[in-house]
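Novice: Okay, so here is work-v9.cif, and as you'll see once you scroll down, it has mmCIF, C-alpha atoms and all ligand atoms.
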```cif
data_coords
#
loop_
_atom_site.label_atom_id
_atom_site.label_comp_id
_atom_site.auth_asym_id
_atom_site.auth_seq_id
_atom_site.Cartn_x
_atom_site.Cartn_y
_atom_site.Cartn_z
CA MET A 210 -9.68 67.79 14.45
CA LYS A 211 -13.31 67.46 13.30
CA LEU A 212 -14.01 65.61 10.04
CA ASP A 213 -17.17 64.64 8.20
CA ILE A 214 -15.59 61.49 6.76
CA LEU A 215 -12.41 59.62 7.67
CA ILE A 216 -11.32 57.11 5.02
CA VAL A 217 -9.07 54.41 6.47
CA GLY A 218 -6.86 53.24 3.60
CA GLY A 219 -5.88 55.59 0.76
CA GLY A 220 -5.43 52.84 -1.85
CA MET A 221 -7.25 52.41 -5.15
CA VAL A 222 -10.72 52.36 -3.62
CA GLY A 223 -10.22 54.77 -0.69
CA ALA A 224 -8.50 57.43 -2.81
CA THR A 225 -11.10 57.13 -5.59
CA LEU A 226 -13.84 57.64 -3.02
CA ALA A 227 -12.02 60.71 -1.62
CA TRP A 228 -11.96 62.20 -5.12
CA GLY A 229 -15.65 61.41 -5.70
CA LEU A 230 -16.57 63.02 -2.34
CA ALA A 231 -14.59 66.15 -3.15
CA ARG A 232 -16.47 66.53 -6.44
CA ARG A 233 -19.92 65.84 -5.10
CA PHE A 234 -19.89 67.20 -1.56
CA ASP A 235 -17.26 69.93 -1.58
CA HIS A 236 -18.51 71.32 1.77
CA TRP A 237 -17.33 68.23 3.65
CA GLN A 238 -14.02 67.81 5.45
CA VAL A 239 -12.56 64.48 4.31
CA GLY A 240 -9.43 62.85 5.72
CA ILE A 241 -7.40 59.78 4.73
CA VAL A 242 -5.28 57.74 7.15
CA ASP A 243 -2.80 55.22 5.74
CA PRO A 244 0.48 53.74 7.04
CA ALA A 245 1.97 54.25 3.57
CA SER A 246 2.63 57.75 2.37
CA PHE A 247 0.80 58.60 -0.85
CA GLU A 248 3.96 60.21 -2.18
CA GLN A 249 6.08 57.10 -1.80
CA SER A 250 6.60 54.65 -4.61
CA VAL A 251 6.11 51.91 -1.99
CA GLN A 252 2.35 52.61 -1.67
CA PRO A 253 1.21 48.97 -1.86
CA SER A 254 -2.09 49.65 -3.63
CA PHE A 255 -0.36 51.54 -6.47
CA ASP A 256 2.41 49.04 -7.21
CA ASP A 257 3.51 47.33 -10.44
CA ARG A 258 0.15 45.64 -11.07
CA VAL A 259 -1.82 46.25 -14.20
CA ILE A 260 -5.60 45.89 -14.05
CA ALA A 261 -8.34 45.37 -16.58
CA LEU A 262 -11.09 47.92 -16.18
CA SER A 263 -14.43 46.77 -17.47
CA ALA A 264 -16.35 48.96 -19.92
CA GLY A 265 -18.73 49.72 -17.00
CA SER A 266 -15.80 50.96 -14.87
CA VAL A 267 -14.57 53.20 -17.68
CA ALA A 268 -18.05 54.77 -17.70
CA GLY A 269 -17.79 55.12 -13.89
CA LEU A 270 -14.42 56.89 -14.14
CA GLU A 271 -15.88 59.15 -16.85
CA GLN A 272 -18.68 60.04 -14.46
CA LEU A 273 -16.04 60.89 -11.81
CA GLU A 274 -14.11 62.96 -14.39
CA LEU A 275 -11.03 60.80 -13.84
CA TRP A 276 -11.08 59.02 -17.16
CA PRO A 277 -9.41 61.57 -19.51
CA GLU A 278 -6.15 61.51 -17.49
CA VAL A 279 -6.28 57.76 -16.80
CA ALA A 280 -7.06 57.03 -20.47
CA GLU A 281 -3.63 58.30 -21.54
CA HIS A 282 -2.13 55.15 -19.99
CA GLY A 283 -4.78 52.73 -21.26
CA GLN A 284 -4.73 49.98 -23.85
CA ALA A 285 -8.08 48.91 -25.22
CA ILE A 286 -9.09 45.24 -25.04
CA GLU A 287 -10.71 44.49 -28.41
CA HIS A 288 -10.95 40.70 -28.21
CA ILE A 289 -11.01 38.19 -25.35
CA HIS A 290 -9.99 34.58 -25.81
CA VAL A 291 -10.71 32.06 -23.04
CA ALA A 292 -9.60 28.44 -23.47
CA GLU A 293 -8.28 25.37 -21.70
CA LYS A 294 -4.73 24.49 -22.70
CA GLY A 295 -4.77 21.59 -25.12
CA GLY A 296 -8.59 21.56 -25.09
CA PHE A 297 -11.20 21.98 -27.79
CA GLY A 298 -13.57 24.36 -26.01
CA ARG A 299 -13.08 28.10 -26.18
CA VAL A 300 -15.00 31.33 -25.73
CA GLN A 301 -14.23 34.42 -27.77
CA LEU A 302 -15.63 37.91 -27.30
CA HIS A 303 -15.18 40.76 -29.80
CA THR A 304 -15.98 44.47 -29.73
CA ASP A 305 -18.15 44.01 -32.84
CA ASP A 306 -20.43 41.59 -30.94
CA TYR A 307 -21.32 44.34 -28.49
CA ALA A 308 -21.06 47.39 -30.80
CA VAL A 309 -18.45 49.01 -28.54
CA LYS A 310 -14.96 50.36 -29.24
CA ALA A 311 -13.40 48.41 -26.36
CA LEU A 312 -14.43 45.51 -24.13
CA GLY A 313 -12.31 47.05 -21.38
CA GLN A 314 -9.11 48.98 -20.79
CA VAL A 315 -5.82 47.82 -19.30
CA ILE A 316 -4.24 50.35 -16.96
CA PRO A 317 -1.12 50.23 -14.75
CA VAL A 318 -2.34 50.95 -11.19
CA ARG A 319 0.66 53.23 -10.60
CA ALA A 320 -0.76 55.53 -13.31
CA ILE A 321 -4.14 55.66 -11.52
CA GLY A 322 -2.28 56.50 -8.28
CA LYS A 323 -0.45 59.36 -9.97
CA VAL A 324 -3.66 60.83 -11.42
CA LEU A 325 -5.33 60.69 -8.00
CA ARG A 326 -2.27 62.10 -6.22
CA ASP A 327 -2.19 65.09 -8.58
CA LYS A 328 -5.91 65.79 -8.19
CA LEU A 329 -6.68 65.04 -4.54
CA ASN A 330 -6.82 67.80 -2.01
CA CYS A 331 -7.93 66.43 1.37
CA GLN A 332 -6.55 66.01 4.89
CA TRP A 333 -3.78 63.43 4.83
CA PHE A 334 -2.79 61.44 7.90
CA CYS A 335 -0.05 59.43 6.22
CA PRO A 336 2.05 57.69 7.30
CA ASP A 337 -0.10 56.96 10.35
CA ARG A 338 -2.62 54.39 11.53
CA ILE A 339 -5.52 54.08 13.96
CA ALA A 340 -4.45 53.19 17.50
CA SER A 341 -7.97 53.18 19.00
CA LEU A 342 -11.59 53.92 18.14
CA SER A 343 -14.45 54.89 20.37
CA ARG A 344 -18.08 55.19 19.31
CA GLN A 345 -19.82 58.44 20.20
CA ALA A 346 -23.39 59.61 19.66
CA ASP A 347 -22.62 61.41 16.40
CA GLY A 348 -19.65 59.42 15.08
CA TYR A 349 -16.26 58.10 16.23
CA GLN A 350 -13.39 59.47 18.20
CA VAL A 351 -10.22 58.16 16.58
CA THR A 352 -6.78 58.22 18.15
CA LEU A 353 -3.94 57.80 15.69
CA ALA A 354 -0.62 56.11 16.48
CA SER A 355 1.02 59.56 16.22
CA GLY A 356 -1.15 60.68 19.16
CA GLN A 357 -3.44 62.96 17.10
CA THR A 358 -7.15 62.79 17.94
CA LEU A 359 -9.85 63.05 15.25
CA HIS A 360 -13.62 63.06 15.32
CA THR A 361 -15.55 61.79 12.31
CA LYS A 362 -19.25 61.48 11.49
CA LEU A 363 -18.60 58.56 9.12
CA LEU A 364 -15.78 56.03 9.14
CA VAL A 365 -15.00 54.43 5.77
CA VAL A 366 -13.08 51.16 6.04
CA ALA A 367 -10.96 50.67 2.89
CA ASP A 368 -7.74 49.29 4.34
CA GLY A 369 -7.56 46.14 2.21
CA GLY A 370 -8.21 42.41 2.67
CA GLN A 371 -6.42 42.11 6.02
CA SER A 372 -8.34 45.12 7.35
CA GLN A 373 -7.40 46.02 10.91
CA THR A 374 -10.24 48.55 11.11
CA ARG A 375 -12.86 45.93 10.25
CA ARG A 376 -11.61 43.99 13.28
CA LEU A 377 -11.63 47.10 15.51
CA LEU A 378 -15.31 47.53 14.60
CA GLY A 379 -15.97 43.90 15.56
CA ILE A 380 -17.03 42.88 12.03
CA GLU A 381 -16.21 39.24 11.24
CA ALA A 382 -14.77 38.14 7.90
CA SER A 383 -14.27 34.74 6.29
CA ASP A 384 -10.86 34.04 4.75
CA LYS A 385 -10.49 31.07 2.35
CA PRO A 386 -7.02 30.67 0.84
CA TYR A 387 -7.05 29.38 -2.77
CA ARG A 388 -3.74 27.53 -2.29
CA GLN A 389 -2.48 29.53 -5.26
CA SER A 390 -0.36 32.62 -5.72
CA ALA A 391 -0.37 35.00 -8.66
CA ILE A 392 2.98 35.89 -10.18
CA ILE A 393 2.85 39.00 -12.32
CA ALA A 394 5.35 40.44 -14.80
CA ASN A 395 5.36 42.66 -17.85
CA ILE A 396 6.62 40.93 -20.96
CA LYS A 397 6.85 41.34 -24.72
CA THR A 398 5.80 38.87 -27.36
CA GLU A 399 7.29 38.25 -30.77
CA LYS A 400 3.94 38.83 -32.51
CA PRO A 401 1.89 41.98 -31.75
CA HIS A 402 -1.06 41.44 -29.39
CA GLN A 403 -3.48 43.51 -31.53
CA GLY A 404 -5.71 44.19 -28.55
CA TRP A 405 -6.28 40.52 -27.62
CA ALA A 406 -6.54 39.49 -23.95
CA PHE A 407 -6.04 35.80 -23.19
CA GLU A 408 -7.15 33.61 -20.33
CA ARG A 409 -5.66 30.13 -20.54
CA PHE A 410 -6.51 27.40 -18.04
CA THR A 411 -3.69 24.97 -17.48
CA ASP A 412 -3.32 21.96 -15.20
CA SER A 413 -1.13 24.04 -12.86
CA GLY A 414 -3.51 27.00 -12.68
CA PRO A 415 -4.76 29.84 -14.88
CA LEU A 416 -2.54 32.15 -16.92
CA ALA A 417 -3.74 35.52 -18.19
CA LEU A 418 -2.14 37.90 -20.66
CA LEU A 419 -3.46 41.45 -20.90
CA PRO A 420 -2.49 43.77 -23.77
CA MET A 421 -0.58 46.93 -22.78
CA THR A 422 0.69 50.01 -24.53
CA GLN A 423 4.04 49.92 -26.40
CA GLY A 424 3.43 46.34 -27.51
CA ARG A 425 3.88 44.96 -24.00
CA MET A 426 1.66 42.45 -22.25
CA ASN A 427 0.97 41.91 -18.58
CA LEU A 428 1.22 38.35 -17.38
CA VAL A 429 -0.68 36.90 -14.42
CA LEU A 430 0.51 33.36 -13.79
CA CYS A 431 -1.13 31.36 -11.00
CA VAL A 432 1.08 28.75 -9.33
CA ARG A 433 0.80 26.46 -6.33
CA PRO A 434 2.34 27.87 -3.11
CA ASP A 435 5.07 25.16 -3.18
CA ASP A 436 6.19 26.38 -6.62
CA VAL A 437 6.33 30.11 -5.84
CA ASP A 438 9.96 30.43 -4.71
CA ALA A 439 11.34 28.34 -7.56
CA THR A 440 9.23 30.22 -10.15
CA LEU A 441 10.34 33.61 -8.84
CA ALA A 442 13.99 32.56 -8.75
CA MET A 443 13.99 30.98 -12.25
CA PRO A 444 16.42 32.51 -14.76
CA LYS A 445 14.50 34.52 -17.38
CA ALA A 446 15.16 31.98 -20.14
CA ASP A 447 13.66 29.16 -18.03
CA PHE A 448 10.70 31.33 -17.06
CA ALA A 449 10.07 32.10 -20.76
CA LYS A 450 10.19 28.36 -21.46
CA LEU A 451 7.63 27.70 -18.72
CA LEU A 452 5.29 30.34 -20.20
CA GLN A 453 5.73 28.86 -23.64
CA GLN A 454 4.78 25.42 -22.30
CA ARG A 455 1.66 26.79 -20.59
CA PHE A 456 0.52 29.24 -23.27
CA GLY A 457 1.90 27.86 -26.51
CA TRP A 458 3.20 29.77 -29.54
CA ARG A 459 0.14 31.78 -30.62
CA LEU A 460 2.02 35.04 -29.91
CA GLY A 461 5.44 33.69 -30.89
CA ALA A 462 8.29 33.77 -28.38
CA PHE A 463 8.07 35.56 -25.01
CA THR A 464 10.81 38.19 -24.71
CA ASP A 465 11.81 41.08 -22.43
CA ILE A 466 10.55 39.52 -19.21
CA GLY A 467 10.29 42.20 -16.50
CA GLU A 468 10.49 41.99 -12.74
CA ARG A 469 8.29 39.31 -11.16
CA HIS A 470 6.02 39.99 -8.14
CA CYS A 471 3.92 37.56 -6.16
CA TYR A 472 0.47 37.81 -4.50
CA PRO A 473 -0.97 34.97 -2.36
CA LEU A 474 -4.65 34.54 -3.31
CA HIS A 475 -7.58 34.43 -0.89
CA LEU A 476 -11.32 34.89 -0.96
CA ILE A 477 -12.02 37.27 1.91
CA GLU A 478 -15.61 38.30 2.59
CA SER A 479 -16.72 40.68 5.29
CA ALA A 480 -19.80 39.42 7.16
CA SER A 481 -21.26 42.92 6.99
CA LEU A 482 -20.76 45.99 4.83
CA ARG A 483 -21.80 48.35 7.56
CA ALA A 484 -21.75 49.15 11.27
CA ASP A 485 -23.17 52.23 13.03
CA ARG A 486 -21.76 55.23 11.15
CA ALA A 487 -19.25 53.04 9.33
CA VAL A 488 -19.05 51.31 5.93
CA VAL A 489 -16.67 48.64 4.63
CA LEU A 490 -15.75 48.66 0.95
CA GLY A 491 -13.21 47.55 -1.67
CA ASN A 492 -10.89 44.71 -0.71
CA ALA A 493 -11.74 45.22 2.98
CA ALA A 494 -15.25 43.99 2.09
CA HIS A 495 -14.36 41.50 -0.65
CA SER A 496 -10.94 40.28 -1.77
CA LEU A 497 -11.25 38.13 -4.89
CA HIS A 498 -9.16 35.77 -7.03
CA PRO A 499 -7.89 37.87 -9.98
CA ILE A 500 -9.01 35.20 -12.50
CA ALA A 501 -11.85 37.34 -13.83
CA GLY A 502 -10.26 40.75 -13.11
CA GLN A 503 -13.20 41.91 -10.99
CA GLY A 504 -11.71 43.21 -7.69
CA PHE A 505 -11.32 46.91 -8.40
CA ASN A 506 -14.27 46.93 -10.79
CA LEU A 507 -16.43 45.77 -7.90
CA GLY A 508 -14.82 48.23 -5.45
CA LEU A 509 -15.47 51.10 -7.86
CA ARG A 510 -19.15 50.13 -7.98
CA ASP A 511 -19.16 50.23 -4.13
CA VAL A 512 -17.79 53.79 -4.37
CA LEU A 513 -20.24 55.00 -7.04
CA ALA A 514 -23.23 53.59 -5.15
CA LEU A 515 -22.05 55.14 -1.86
CA LEU A 516 -21.76 58.57 -3.50
CA GLU A 517 -25.36 58.21 -4.72
CA ASN A 518 -26.75 57.24 -1.32
CA LEU A 519 -24.99 59.43 1.27
CA ASP A 520 -27.20 61.92 3.06
CA SER A 521 -25.83 65.37 2.17
CA GLN A 522 -26.74 66.74 5.63
CA ASP A 523 -25.11 63.95 7.65
CA PRO A 524 -22.82 61.43 5.89
CA GLY A 525 -23.20 58.93 8.76
CA ALA A 526 -27.02 58.98 8.71
CA TRP A 527 -28.43 55.48 9.04
CA ALA A 528 -30.93 55.58 6.12
CA GLY A 529 -28.36 56.39 3.41
CA LEU A 530 -25.91 53.73 4.59
CA ALA A 531 -28.64 51.09 4.90
CA ARG A 532 -29.89 51.88 1.36
CA TRP A 533 -26.31 51.58 0.05
CA GLU A 534 -25.80 48.19 1.70
CA GLN A 535 -29.11 46.96 0.35
CA GLN A 536 -28.20 48.08 -3.20
CA ARG A 537 -24.76 46.49 -3.12
CA ARG A 538 -25.84 43.02 -1.94
CA GLY A 539 -27.02 41.67 -5.31
CA ASP A 540 -24.00 42.75 -7.39
CA LEU A 541 -21.56 41.59 -4.70
CA GLY A 542 -23.24 38.21 -4.32
CA ARG A 543 -23.28 37.55 -8.08
CA THR A 544 -19.73 38.76 -8.77
CA ILE A 545 -18.16 36.95 -5.80
CA ALA A 546 -20.02 33.71 -6.63
CA THR A 547 -19.08 33.78 -10.35
CA THR A 548 -15.42 34.60 -9.66
CA ASP A 549 -15.11 31.96 -6.95
CA LEU A 550 -16.78 29.34 -9.16
CA LEU A 551 -14.38 30.10 -12.05
CA ALA A 552 -11.37 30.07 -9.71
CA ARG A 553 -12.31 26.69 -8.23
CA LEU A 554 -13.58 25.05 -11.41
CA PHE A 555 -10.48 25.92 -13.36
CA THR A 556 -7.94 25.12 -10.69
CA TRP A 557 -8.99 21.54 -9.94
CA ASP A 558 -7.18 19.23 -12.34
CA LEU A 559 -9.47 16.20 -12.32
CA LYS A 560 -9.78 14.48 -15.71
CA SER A 561 -13.59 14.48 -15.61
CA LEU A 562 -13.62 18.19 -14.88
CA TYR A 563 -11.18 18.78 -17.74
CA LEU A 564 -13.67 17.28 -20.19
CA GLY A 565 -16.59 19.06 -18.56
CA ARG A 566 -14.81 22.40 -18.65
CA ASN A 567 -13.95 21.97 -22.30
CA ALA A 568 -17.47 20.99 -23.20
CA GLY A 569 -18.74 23.92 -21.11
CA LEU A 570 -16.51 26.46 -22.86
CA GLY A 571 -17.44 25.03 -26.27
CA LEU A 572 -21.13 25.10 -25.43
CA LEU A 573 -20.97 28.60 -23.95
CA ASN A 574 -19.47 29.92 -27.18
CA HIS A 575 -22.47 28.56 -29.09
CA LEU A 576 -25.14 29.71 -26.63
CA PRO A 577 -25.42 33.43 -27.36
CA VAL A 578 -27.82 34.22 -24.52
CA ALA A 579 -25.71 32.53 -21.81
CA LYS A 580 -22.46 33.86 -23.27
CA HIS A 581 -23.76 37.42 -23.46
CA LYS A 582 -25.18 37.24 -19.94
CA LEU A 583 -21.78 36.22 -18.56
CA ALA A 584 -20.02 38.81 -20.73
CA TRP A 585 -22.43 41.51 -19.59
CA GLN A 586 -21.64 40.74 -15.95
CA MET A 587 -17.87 40.62 -16.56
CA LEU A 588 -17.96 43.87 -18.53
CA GLY A 589 -19.63 45.56 -15.58
CA TRP A 590 -22.86 46.45 -17.37
CA GLU A 591 -25.15 44.48 -15.13
CA ASN A 592 -25.25 45.10 -11.43
C1 LIG B 1 -2.43 39.97 -9.42
C2 LIG B 1 -3.69 40.80 -9.32
C3 LIG B 1 -4.34 41.19 -10.46
C4 LIG B 1 -5.52 41.95 -10.37
N1 LIG B 1 -6.17 42.29 -11.52
C5 LIG B 1 -7.30 42.99 -11.44
C6 LIG B 1 -8.01 43.36 -12.64
O1 LIG B 1 -7.60 43.02 -13.76
N2 LIG B 1 -9.16 44.07 -12.51
C7 LIG B 1 -9.65 44.46 -11.28
O2 LIG B 1 -10.69 45.12 -11.23
N3 LIG B 1 -9.00 44.14 -10.14
C8 LIG B 1 -7.86 43.41 -10.20
N4 LIG B 1 -7.19 43.09 -9.05
C9 LIG B 1 -7.77 43.51 -7.75
C10 LIG B 1 -7.42 44.95 -7.35
O3 LIG B 1 -6.02 45.14 -7.36
C11 LIG B 1 -7.98 45.23 -5.97
O4 LIG B 1 -9.35 44.98 -5.98
C12 LIG B 1 -7.77 46.68 -5.52
O5 LIG B 1 -6.40 46.93 -5.36
C13 LIG B 1 -8.48 46.92 -4.20
O6 LIG B 1 -8.20 48.22 -3.75
P1 LIG B 1 -8.43 48.61 -2.23
O7 LIG B 1 -8.10 50.06 -2.15
O8 LIG B 1 -9.77 48.16 -1.76
O9 LIG B 1 -7.40 47.74 -1.38
P2 LIG B 1 -5.80 47.74 -1.42
O10 LIG B 1 -5.32 47.91 -2.80
O11 LIG B 1 -5.39 46.52 -0.65
O12 LIG B 1 -5.37 49.05 -0.58
C14 LIG B 1 -5.51 49.07 0.81
C15 LIG B 1 -4.93 50.39 1.32
O13 LIG B 1 -5.07 50.38 2.75
C16 LIG B 1 -3.83 50.73 3.34
N5 LIG B 1 -3.77 50.11 4.68
C17 LIG B 1 -3.33 48.86 5.02
N6 LIG B 1 -3.42 48.70 6.35
C18 LIG B 1 -3.94 49.85 6.86
C19 LIG B 1 -4.29 50.29 8.17
N7 LIG B 1 -4.12 49.52 9.24
N8 LIG B 1 -4.79 51.55 8.32
C20 LIG B 1 -4.96 52.37 7.24
N9 LIG B 1 -4.67 51.98 5.97
C21 LIG B 1 -4.16 50.75 5.79
C22 LIG B 1 -2.76 50.26 2.37
O14 LIG B 1 -1.55 50.97 2.56
C23 LIG B 1 -3.45 50.58 1.03
O15 LIG B 1 -3.21 51.92 0.68
C24 LIG B 1 -6.03 42.33 -9.10
C25 LIG B 1 -5.35 41.96 -7.94
C26 LIG B 1 -4.19 41.19 -8.05
C27 LIG B 1 -3.49 40.77 -6.78
#
```
Can you give me the file's structure in the form of structure tokens?
Specialist:
Amino acid sequence: MKLDILIVGGGMVGATLAWGLARRFDHWQVGIVDPASFEQSVQPSFDDRVIALSAGSVAGLEQLELWPEVAEHGQAIEHIHVAEKGGFGRVQLHTDDYAVKALGQVIPVRAIGKVLRDKLNCQWFCPDRIASLSRQADGYQVTLASGQTLHTKLLVVADGGQSQTRRLLGIEASDKPYRQSAIIANIKTEKPHQGWAFERFTDSGPLALLPMTQGRMNLVLCVRPDDVDATLAMPKADFAKLLQQRFGWRLGAFTDIGERHCYPLHLIESASLRADRAVVLGNAAHSLHPIAGQGFNLGLRDVLALLENLDSQDPGAWAGLARWEQQRRGDLGRTIATTDLLARLFTWDLKSLYLGRNAGLGLLNHLPVAKHKLAWQMLGWEN
């Protein structure tokens, strides 16, 4: 079968790109290959996670005409509170400071998956995977594990951090484990969250609470790998006690603790975003620590920029892909560096760093220019 674009990986980023392509270039044949069926509840990209979309990403989804349906599942973030547990320094951001209705929106990724599933109409090769690739003058010949042969003018690599396709293309990637895993769960709190999102740095790793609809909150608790099994197996009452110790009583007692899931954390960076007639984006290009909630926000900006730069005559044309890579470098470099710095700074538990971090947070809150610059970047308004 002949395709204009084959997207490898129909997760958050790959499926969003497929939708964007269908809207902008409706004359193209677009296919998605993924070992997980889009219909199944086991699709790993659309699992029980909840993500914070920056205000910039909300604007991006509006541009893609995805936002109205996604918005139905969203909870606005009106205030952000960042502090070190037991420390004096803190940074607070409020909608009023930026004259916006929301600093971001919290959305369950399963809801985004459902919206995309209902809207997307492309060629699905799922469940299937690439068995071999061969470069041809005008694209790639792709043989799938099912035996089907495809030809594509552009190959889009969006198959996640452990990308097999990146390897098939011979693109190197660095992989630095953070020696931390994120445990997530939905919970309720005795006091209403009133649109506050919290990031609390503790001596065992960061803890984030994101406000959700129906008075729930989404917890992201980072723990050392040695503590993962015990933390997952803890009875709910003990787990609530642990959260209380790490977060305190600002929101009263933690109740209704939902199912816990675990994600080992790595910084994975692809050495290149592009090969001949191929691009690498989303987690396949950059897998980040969730501390600053930037992974999908960054992947969405990859998608929006690609849609702007593709040559409408030939999606694999060199000039459009080179321009895209060039445009993405600055934003990627800044976002990866800031996220990695935060992840490392706030996970080392040296006493001197504790004082420095506290002083830094306190100072940042009183330095409007620096605070707003960081906020601007985190809110996805500067790229
Ligand atoms: C705990 C946690 C909290 C997070 N919070 C936030 C947040 O608040 N804000 C934010 O912006 N981001 C957040 N993220 C990051 C966000 O989830 C990711 O950036 C996003 O899922 C990346 O999407 P992706 O499609 O690039 O990759 P993935 O979600 O990894 O999807 C990869 C897809 O490729 C498929 N695939 C795998 N192997 C193959 C193969 N061989 N061939 C074809 N397909 C394949 C998979 O089935 C899947 O569909 C968080 C992540 C975690 C772990």
Novice: One number please: CA of Ala480 (chain A) to CA of Leu364 (chain A), in Å, one decimal.
Specialist: 17.2 Å
Novice: May I have the residues within 10 Å of Gln345 (chain A) as a PDB file with C-alpha atoms, in the coordinates of the input, using only C-alpha atoms and disregarding those fewer than 2 positions away in the same chain?
Specialist:
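And here is the file that came out, result39.pdb:
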```
ATOM      1  CA  LEU A 342     -11.590  53.920  18.140  1.00  0.00           C
ATOM      2  CA  SER A 343     -14.450  54.890  20.370  1.00  0.00           C
ATOM      3  CA  ASP A 347     -22.620  61.410  16.400  1.00  0.00           C
ATOM      4  CA  GLY A 348     -19.650  59.420  15.080  1.00  0.00           C
ATOM      5  CA  TYR A 349     -16.260  58.100  16.230  1.00  0.00           C
ATOM      6  CA  GLN A 350     -13.390  59.470  18.200  1.00  0.00           C
ATOM      7  CA  HIS A 360     -13.620  63.060  15.320  1.00  0.00           C
ATOM      8  CA  THR A 361     -15.550  61.790  12.310  1.00  0.00           C
ATOM      9  CA  LYS A 362     -19.250  61.480  11.490  1.00  0.00           C
ATOM     10  CA  ARG A 486     -21.760  55.230  11.150  1.00  0.00           C
TER      11      ARG A 486
END
```
Novice: Each side padded by 4 Å, which centre and which edge lengths in Å (one decimal) define the axis-aligned box around the listed atoms of ligand LIG 1 (chain B)? Give them as AutoDock Vina command-line options.
Specialist:
```
--center_x -6.1 --center_y 46.2 --center_z -2.3 --size_x 17.1 --size_y 20.4 --size_z 31.0
```
Novice: My list of candidates is A:Thr398, A:Thr304, A:Asn427, A:Gln522. Which is closest to ligand LIG 1 (chain B) when distances are computed with only C-alpha atoms and all ligand atoms?
Specialist: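 Ranked by minimum distance to ligand LIG 1 (chain B), first place goes to A:Asn427.
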Novice: Using only C-alpha atoms, can you tell me which of A:Ile316, A:Ile241, A:Ala261, A:Val251 comes closest to Arg338 (chain A)?
Specialist: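 Ranking A:Ile316, A:Ile241, A:Ala261, A:Val251 by distance to Arg338 (chain A), first place goes to A:Ile241.
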Novice: Ranking A:Arg409, A:His495, A:Arg543, A:Arg425 by minimum distance to ligand LIG 1 (chain B) and counting all atoms listed in the file, which one comes first?
Specialist: A:His495
Novice: For Lys328 (chain A), list every protein, DNA or RNA residue within 10 Å, evaluated using all atoms listed in the file, and leave out those in the same chain fewer than 6 positions away; present the list as a PyMOL selection string.
Specialist: chain A and resi 228+275+322
Novice: Could you tell me how far CA of Ser521 (chain A) lies from CA of Arg344 (chain A), in Å and to one decimal?
Specialist: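 Computing the Euclidean distance for CA of Ser521 (chain A) and CA of Arg344 (chain A) yields 21.4 Å.
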Novice: Excluding same-chain residues fewer than 6 positions from region 212-221 of chain A, what lies within 10 Å of it counting only C-alpha atoms, as an NGL selection string?
Specialist: :A and (227 or 230 or 236-247 or 252-255 or 318-319 or 321-322 or 325 or 332-335 or 338-339 or 348-349 or 351 or 359-369 or 372-374 or 486-489 or 491-493 or 505 or 508-509 or 523-525)
Novice: Export C-alpha atoms of the chosen residues as a short mmCIF file (atom, residue, chain, number, x, y, z; two decimals), keeping the file's coordinate frame?
Specialist:
```
data_model
loop_
_atom_site.label_atom_id
_atom_site.label_comp_id
_atom_site.auth_asym_id
_atom_site.auth_seq_id
_atom_site.Cartn_x
_atom_site.Cartn_y
_atom_site.Cartn_z
CA ALA A 227 -12.02 60.71 -1.62
CA LEU A 230 -16.57 63.02 -2.34
CA HIS A 236 -18.51 71.32 1.77
CA TRP A 237 -17.33 68.23 3.65
CA GLN A 238 -14.02 67.81 5.45
CA VAL A 239 -12.56 64.48 4.31
CA GLY A 240 -9.43 62.85 5.72
CA ILE A 241 -7.40 59.78 4.73
CA VAL A 242 -5.28 57.74 7.15
CA ASP A 243 -2.80 55.22 5.74
CA PRO A 244 0.48 53.74 7.04
CA ALA A 245 1.97 54.25 3.57
CA SER A 246 2.63 57.75 2.37
CA PHE A 247 0.80 58.60 -0.85
CA GLN A 252 2.35 52.61 -1.67
CA PRO A 253 1.21 48.97 -1.86
CA SER A 254 -2.09 49.65 -3.63
CA PHE A 255 -0.36 51.54 -6.47
CA VAL A 318 -2.34 50.95 -11.19
CA ARG A 319 0.66 53.23 -10.60
CA ILE A 321 -4.14 55.66 -11.52
CA GLY A 322 -2.28 56.50 -8.28
CA LEU A 325 -5.33 60.69 -8.00
CA GLN A 332 -6.55 66.01 4.89
CA TRP A 333 -3.78 63.43 4.83
CA PHE A 334 -2.79 61.44 7.90
CA CYS A 335 -0.05 59.43 6.22
CA ARG A 338 -2.62 54.39 11.53
CA ILE A 339 -5.52 54.08 13.96
CA GLY A 348 -19.65 59.42 15.08
CA TYR A 349 -16.26 58.10 16.23
CA VAL A 351 -10.22 58.16 16.58
CA LEU A 359 -9.85 63.05 15.25
CA HIS A 360 -13.62 63.06 15.32
CA THR A 361 -15.55 61.79 12.31
CA LYS A 362 -19.25 61.48 11.49
CA LEU A 363 -18.60 58.56 9.12
CA LEU A 364 -15.78 56.03 9.14
CA VAL A 365 -15.00 54.43 5.77
CA VAL A 366 -13.08 51.16 6.04
CA ALA A 367 -10.96 50.67 2.89
CA ASP A 368 -7.74 49.29 4.34
CA GLY A 369 -7.56 46.14 2.21
CA SER A 372 -8.34 45.12 7.35
CA GLN A 373 -7.40 46.02 10.91
CA THR A 374 -10.24 48.55 11.11
CA ARG A 486 -21.76 55.23 11.15
CA ALA A 487 -19.25 53.04 9.33
CA VAL A 488 -19.05 51.31 5.93
CA VAL A 489 -16.67 48.64 4.63
CA GLY A 491 -13.21 47.55 -1.67
CA ASN A 492 -10.89 44.71 -0.71
CA ALA A 493 -11.74 45.22 2.98
CA PHE A 505 -11.32 46.91 -8.40
CA GLY A 508 -14.82 48.23 -5.45
CA LEU A 509 -15.47 51.10 -7.86
CA ASP A 523 -25.11 63.95 7.65
CA PRO A 524 -22.82 61.43 5.89
CA GLY A 525 -23.20 58.93 8.76
#
```
